[in-house]
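Engineer: Sharing a structure here in structure tokens format.
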Amino acid sequence: MQAIRYINTNIHIEGIYGFAQTGRFRRYTDEIVEKYPRLQEADRKCAGARLRFRTDSPTVTVAFRLSHQYVDRGMSFYQANAAYAYVGDYSRSRYAALLSADNTYDSDTVSAAFANNGMNDITVFFPRNPTVEDITVTLEDGAVLCPPTPHKIALPFVFYGSSITEQGHTSTPLAYPSLLSRFFDAPLYNFGASGNAKGEPELAEYLGKIPKSVFFYDYDHNAPTVEHLRATHEAFFRRFRQFDPETPVIMTSRPADDGPETEERAAIVRRTCENAARNGDKNVYFVDGRTLFGDVDPAICTTDRTHPNDLGHYLMARTLAELVARSLSSVSTSG
């Protein structure tokens with residue numbers, strides 16, 4: 001058997017912006033975390049991150065060494081602390097293994113061995129909550145190790161938003177950002193921050209500078225008041241556009257209907273989009289969050305009337321996929 005650490009040109013870490021330069025499992029820069037200490041916990045989470053490579057090894061073993069494990073409110077222990085392995089083409093890969101600890105709370109390592117029939121892409125979705133300290137891939141002797149098949153869409157989808165965006169309350173890592181990534185075979189960066197993404201100007205600049213194919217803009221739930229959302233939403237978007245004037249932007253409001261305030265918040269998000277369109281921006285799209293579940297009863301789409309469950313995230317991804325396809329087509333046609 002040959003054990004290989006993740007620091008290998010054929011093993012790709014995706015979903016952590018700047019990883020190739022820093023080698024750090026962190027989602028933000030030190031400067032941003034220093035200015036906004038509330039983002040420190042989110043910085044160390046790896047929502048949306050994936051380990052990818054290609055091999056013909058009949059058996060593959062992957063182990064993650066974690067800083068700690070902990071239960072998160074409203075989420076399964078596995079979603080919060082385990083990794084999930086898939087085999088095959090990225091958009092049609094099949095579930096292969098759950099990487100979890102033998103002794104649920106006491107171990108700092110999650111691992112699994114799984115079968116692989118032929119030369120295939122391997123994708124392992126990171127645990128959502130713990131800080132990842134190290135990763136080891138073990139292949140059978142003589143096995144070939146290659147870089148993963150390139151994504152069909154080269155530039156990533158970039159997400160900024162609340163705990164919903166940060167994979168909150170699903171039972172696996174396949175929340176709506178990761179589902180959209182698989183639907184379109186596109187890389188992604190997930191900058192969701194549970195309770196803490198609040199329209200920070202520095203984040204608008206940081207995210208604006210990341211090359212991307214679509215930007216998903218959703219932090220309604222994190223805005224503590226309607227007044228805060230009104231003061232920050234369009235200002236954030238305008239600053240973002242200073243650094244990225246053309247990428248399609250999909251703006252969504254909260255999916256939960258909490259009465260008159262939900263309507264007022266949706267109107268603020270809609271106004272940002274309408275003002276941009278009036279100023280000649282042809283790549284902005286608004287989605288009223290209350291339509292994201294389609295005609296399915298919202299009561300069975302959430303865990304707490306706020307956070308979508310697995311069904312809710314799947315319905316969100318299916319609804320948004322139509323708009324993503326249209327926005328990508330619009331850009332390619334205009335280009």
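In the structure tokens, chains take letters A, B, ... by order of appearance, with residues numbered from 1 within each chain and ligands from 1 in the order shown.
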Would you list, as a list in words, the residues of segment 77-107 of chain A that end up in strand (DSSP E or B) under DSSP run on this structure's backbone?
Structural biologist: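 DSSP-assigned strand (DSSP E or B) residues in segment 77-107 of chain A: Ala83, Tyr84, Ala85, Tyr86, Val87, Arg94, Tyr95, Ala96, Ala97, Leu98, Leu99 and Ser100 of chain A.
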Engineer: Show me, as a ChimeraX atom specification, the residues that have an atom within 6 Å of segment 246-254 of chain A when counting only C-alpha atoms, minus same-chain residues fewer than 2 positions from it.
Structural biologist: /A:214-218,220,244,256,266,283-289
Engineer: Atoms to include: C-alpha atoms. Write the selected residues as a PDB file, in the first residue's frame.
Structural biologist:
```pdb
ATOM      1  CA  VAL A 214     -21.849  32.901 -11.225  1.00  0.00           C
ATOM      2  CA  PHE A 215     -22.139  34.735  -7.893  1.00  0.00           C
ATOM      3  CA  PHE A 216     -24.910  33.748  -5.457  1.00  0.00           C
ATOM      4  CA  TYR A 217     -25.757  36.577  -3.080  1.00  0.00           C
ATOM      5  CA  ASP A 218     -27.857  35.598  -0.047  1.00  0.00           C
ATOM      6  CA  ASP A 220     -30.964  38.088   4.289  1.00  0.00           C
ATOM      7  CA  ASP A 244     -16.464  42.298 -11.007  1.00  0.00           C
ATOM      8  CA  ALA A 256     -38.923  31.133   5.251  1.00  0.00           C
ATOM      9  CA  ALA A 266     -37.584  40.580  -0.118  1.00  0.00           C
ATOM     10  CA  ASN A 283     -26.490  40.132 -15.499  1.00  0.00           C
ATOM     11  CA  VAL A 284     -28.527  40.439 -12.313  1.00  0.00           C
ATOM     12  CA  TYR A 285     -31.340  38.117 -11.244  1.00  0.00           C
ATOM     13  CA  PHE A 286     -33.689  38.225  -8.270  1.00  0.00           C
ATOM     14  CA  VAL A 287     -35.344  35.192  -6.692  1.00  0.00           C
ATOM     15  CA  ASP A 288     -37.963  35.605  -3.990  1.00  0.00           C
ATOM     16  CA  GLY A 289     -36.857  32.990  -1.459  1.00  0.00           C
TER      17      GLY A 289
END
```
Engineer: Neighbouring residues of Phe191 of chain A were defined as those with any atom within 8 Å, considering only C-alpha atoms; residues of the same chain fewer than 3 positions away were excluded. Please report them as number ranges by chain.
Structural biologist: A: 27, 47, 158-161, 165-166
Engineer: Taking only C-alpha atoms into account, which of A:Asn190, A:Asn10, A:Ser67, A:Ser213 comes nearest Asp108 of chain A?
Structural biologist: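 Nearest candidate to Asp108 of chain A out of A:Asn190, A:Asn10, A:Ser67, A:Ser213: A:Ser67.
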Engineer: Neighbours of segment 194-196 of chain A within 6 Å (only C-alpha atoms; same-chain residues fewer than 6 positions away dropped), as an MDAnalysis selection string?
Structural biologist: chainID A and resid 162:163 222
Engineer: Output as number ranges by chain all residues of segment 25-238 of chain A that backbone DSSP marks as alpha helix (DSSP H).
Structural biologist: A: 30-35, 40-44, 77-81, 176-184, 201-208, 226-238
Engineer: For a quick check of understanding, using only C-alpha atoms, which of A:Gly208, A:Ala63, A:Ala101, A:Phe157 has the smallest distance to Phe114 of chain A?
Structural biologist: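 Of A:Gly208, A:Ala63, A:Ala101, A:Phe157, the one nearest Phe114 of chain A is A:Ala63, counting only C-alpha atoms.
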Engineer: When you count only C-alpha atoms, which of these residues is closest to Glu234 of chain A: A:Lys212, A:Pro201, A:Gly259, A:Asn116?
Structural biologist: A:Pro201
Engineer: Just want the 12 Å neighbourhood of Pro127 of chain A, counted on only C-alpha atoms, with same-chain residues fewer than 6 positions away dropped. Output as an MDAnalysis selection string.
Structural biologist: chainID A and resid 25 44:51 63:70 76:85 98:101 109:111 133 135 166:167 171:174
Engineer: Once you have the residues from the selection above, write them out as a short mmCIF file (atom, residue, chain, number, x, y, z; two decimals), in the first residue's frame, restricted to N, CA and C atoms.
Structural biologist:
```cif
data_model
loop_
_atom_site.label_atom_id
_atom_site.label_comp_id
_atom_site.auth_asym_id
_atom_site.auth_seq_id
_atom_site.Cartn_x
_atom_site.Cartn_y
_atom_site.Cartn_z
N PHE A 25 -6.19 25.45 5.31
CA PHE A 25 -7.61 25.17 5.19
C PHE A 25 -8.39 26.31 5.82
N ARG A 44 -12.53 28.74 9.68
CA ARG A 44 -11.90 27.44 9.88
C ARG A 44 -12.77 26.27 9.43
N LYS A 45 -14.01 26.55 9.08
CA LYS A 45 -14.86 25.51 8.53
C LYS A 45 -14.58 25.38 7.03
N CYS A 46 -14.89 24.22 6.49
CA CYS A 46 -14.56 23.98 5.07
C CYS A 46 -15.80 23.60 4.27
N ALA A 47 -16.91 24.29 4.50
CA ALA A 47 -18.13 24.01 3.75
C ALA A 47 -17.86 24.09 2.25
N GLY A 48 -18.26 23.07 1.53
CA GLY A 48 -18.10 23.06 0.08
C GLY A 48 -16.76 22.57 -0.42
N ALA A 49 -15.80 22.36 0.47
CA ALA A 49 -14.46 21.92 0.02
C ALA A 49 -14.50 20.45 -0.38
N ARG A 50 -13.67 20.10 -1.36
CA ARG A 50 -13.60 18.74 -1.84
C ARG A 50 -12.15 18.32 -2.07
N LEU A 51 -11.90 17.04 -1.87
CA LEU A 51 -10.64 16.40 -2.24
C LEU A 51 -10.93 15.62 -3.51
N ALA A 63 -8.23 9.38 4.86
CA ALA A 63 -8.34 9.73 6.28
C ALA A 63 -8.14 11.23 6.46
N PHE A 64 -9.03 11.85 7.24
CA PHE A 64 -8.92 13.26 7.61
C PHE A 64 -8.57 13.34 9.09
N ARG A 65 -7.53 14.08 9.42
CA ARG A 65 -7.25 14.38 10.83
C ARG A 65 -7.86 15.74 11.14
N LEU A 66 -8.70 15.78 12.16
CA LEU A 66 -9.48 16.97 12.48
C LEU A 66 -9.02 17.58 13.80
N SER A 67 -9.33 18.85 13.96
CA SER A 67 -8.99 19.54 15.20
C SER A 67 -9.87 19.08 16.35
N HIS A 68 -11.12 18.73 16.05
CA HIS A 68 -12.09 18.37 17.06
C HIS A 68 -13.35 17.92 16.34
N GLN A 69 -14.31 17.44 17.09
CA GLN A 69 -15.63 17.13 16.55
C GLN A 69 -16.67 17.70 17.50
N TYR A 70 -17.79 18.15 16.95
CA TYR A 70 -18.84 18.62 17.84
C TYR A 70 -20.20 18.60 17.15
N SER A 76 -27.27 16.67 11.61
CA SER A 76 -26.81 15.35 11.98
C SER A 76 -25.33 15.41 12.36
N PHE A 77 -24.91 14.50 13.24
CA PHE A 77 -23.50 14.44 13.62
C PHE A 77 -22.65 14.17 12.38
N TYR A 78 -23.14 13.31 11.50
CA TYR A 78 -22.35 12.97 10.31
C TYR A 78 -22.17 14.17 9.39
N GLN A 79 -23.22 14.95 9.18
CA GLN A 79 -23.06 16.11 8.30
C GLN A 79 -22.03 17.06 8.87
N ALA A 80 -22.06 17.24 10.19
CA ALA A 80 -21.18 18.22 10.80
C ALA A 80 -19.73 17.75 10.87
N ASN A 81 -19.52 16.44 11.04
CA ASN A 81 -18.18 15.98 11.38
C ASN A 81 -17.60 14.90 10.48
N ALA A 82 -18.38 14.34 9.57
CA ALA A 82 -17.89 13.28 8.71
C ALA A 82 -17.61 13.80 7.31
N ALA A 83 -16.86 13.02 6.55
CA ALA A 83 -16.62 13.31 5.14
C ALA A 83 -17.35 12.26 4.30
N TYR A 84 -17.65 12.59 3.06
CA TYR A 84 -18.41 11.69 2.19
C TYR A 84 -17.64 11.48 0.89
N ALA A 85 -17.44 10.21 0.54
CA ALA A 85 -16.68 9.86 -0.67
C ALA A 85 -17.62 9.42 -1.78
N LEU A 98 -18.86 6.65 3.89
CA LEU A 98 -18.93 7.67 4.93
C LEU A 98 -17.64 7.60 5.73
N LEU A 99 -16.93 8.71 5.78
CA LEU A 99 -15.69 8.78 6.57
C LEU A 99 -16.05 9.33 7.93
N SER A 100 -16.12 8.43 8.91
CA SER A 100 -16.50 8.84 10.25
C SER A 100 -15.57 8.18 11.26
N ALA A 101 -15.63 8.65 12.50
CA ALA A 101 -14.76 8.12 13.55
C ALA A 101 -15.35 6.83 14.11
N THR A 109 -9.71 11.54 14.09
CA THR A 109 -9.54 11.10 12.70
C THR A 109 -10.83 10.47 12.20
N VAL A 110 -11.23 10.84 10.98
CA VAL A 110 -12.34 10.16 10.30
C VAL A 110 -11.76 9.52 9.05
N SER A 111 -12.15 8.28 8.77
CA SER A 111 -11.56 7.57 7.65
C SER A 111 -12.49 6.49 7.14
N GLU A 133 -6.84 19.27 9.80
CA GLU A 133 -5.41 19.40 10.11
C GLU A 133 -4.54 18.68 9.08
N ILE A 135 -4.62 15.33 5.73
CA ILE A 135 -5.35 14.35 4.94
C ILE A 135 -4.35 13.34 4.38
N GLU A 166 -24.14 27.88 4.09
CA GLU A 166 -23.03 27.15 4.69
C GLU A 166 -23.41 25.70 5.03
N GLN A 167 -24.36 25.13 4.27
CA GLN A 167 -24.75 23.73 4.39
C GLN A 167 -25.45 23.41 5.70
N SER A 171 -28.39 16.50 5.99
CA SER A 171 -27.83 15.32 6.63
C SER A 171 -26.51 14.89 5.98
N THR A 172 -26.18 15.47 4.83
CA THR A 172 -24.92 15.21 4.13
C THR A 172 -24.36 16.54 3.65
N PRO A 173 -23.15 16.56 3.08
CA PRO A 173 -22.61 17.83 2.57
C PRO A 173 -23.31 18.35 1.32
N LEU A 174 -24.27 17.61 0.79
CA LEU A 174 -24.89 18.02 -0.46
C LEU A 174 -26.04 18.99 -0.22
#
```
Engineer: Got a sec: who's within 12 Å of Glu264 of chain A, counting only C-alpha atoms, leaving out chain neighbours fewer than 3 positions off, as a ChimeraX atom specification?
Structural biologist: /A:220,225-227,229-230,253-254,257-261,267-271,288
Engineer: To one decimal in Å, tell me the separation between atom CA of Ala325 of chain A and atom CA of Asp297 of chain A.
Structural biologist: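 We find that atom CA of Ala325 of chain A and atom CA of Asp297 of chain A lie 25.6 Å from each other.
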Engineer: Counting only C-alpha atoms, what is within 10 Å of segment 236-242 of chain A, bar same-chain residues fewer than 6 positions away, as a list in words?
Structural biologist: Lys198, Gly199, Glu200, Pro201, Glu202, Leu203, Ala204, Glu205, Tyr206, Leu207, Gly208, Lys209, Tyr217, Val249, Met251, Thr272, Cys273, Ala276 and Asp281 of chain A
Engineer: Between atom CA of Ile13 of chain A and atom CA of Glu34 of chain A, what is the spacing in Å?
Structural biologist: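 Calculated distance between atom CA of Glu34 of chain A and atom CA of Ile13 of chain A is 25.0 Å.
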Engineer: A:Thr123, A:Thr138, A:Ser329, A:Asn129: which is nearest Ser178 of chain A, counting only C-alpha atoms?
Structural biologist: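 Of A:Thr123, A:Thr138, A:Ser329, A:Asn129, the one nearest Ser178 of chain A is A:Thr123, counting only C-alpha atoms.
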Engineer: With only C-alpha atoms as the basis for distance, which of A:Phe126, A:Tyr28, A:Tyr90, A:Phe243 is at the shortest distance from Thr149 of chain A?
Structural biologist: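 The closest residue to Thr149 of chain A is A:Tyr90.
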Engineer: Which is closest to Leu180 of chain A among A:Ile153, A:Ile122, A:Ala143, A:Ala223, if we use only C-alpha atoms?
Structural biologist: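 Ranked by minimum distance to Leu180 of chain A, first place goes to A:Ile153.
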Engineer: State, in Å with one decimal place, the distance from atom CA of Lys152 of chain A to atom CA of Asp185 of chain A.
Structural biologist: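 Between these atoms lies a distance of 5.5 Å.
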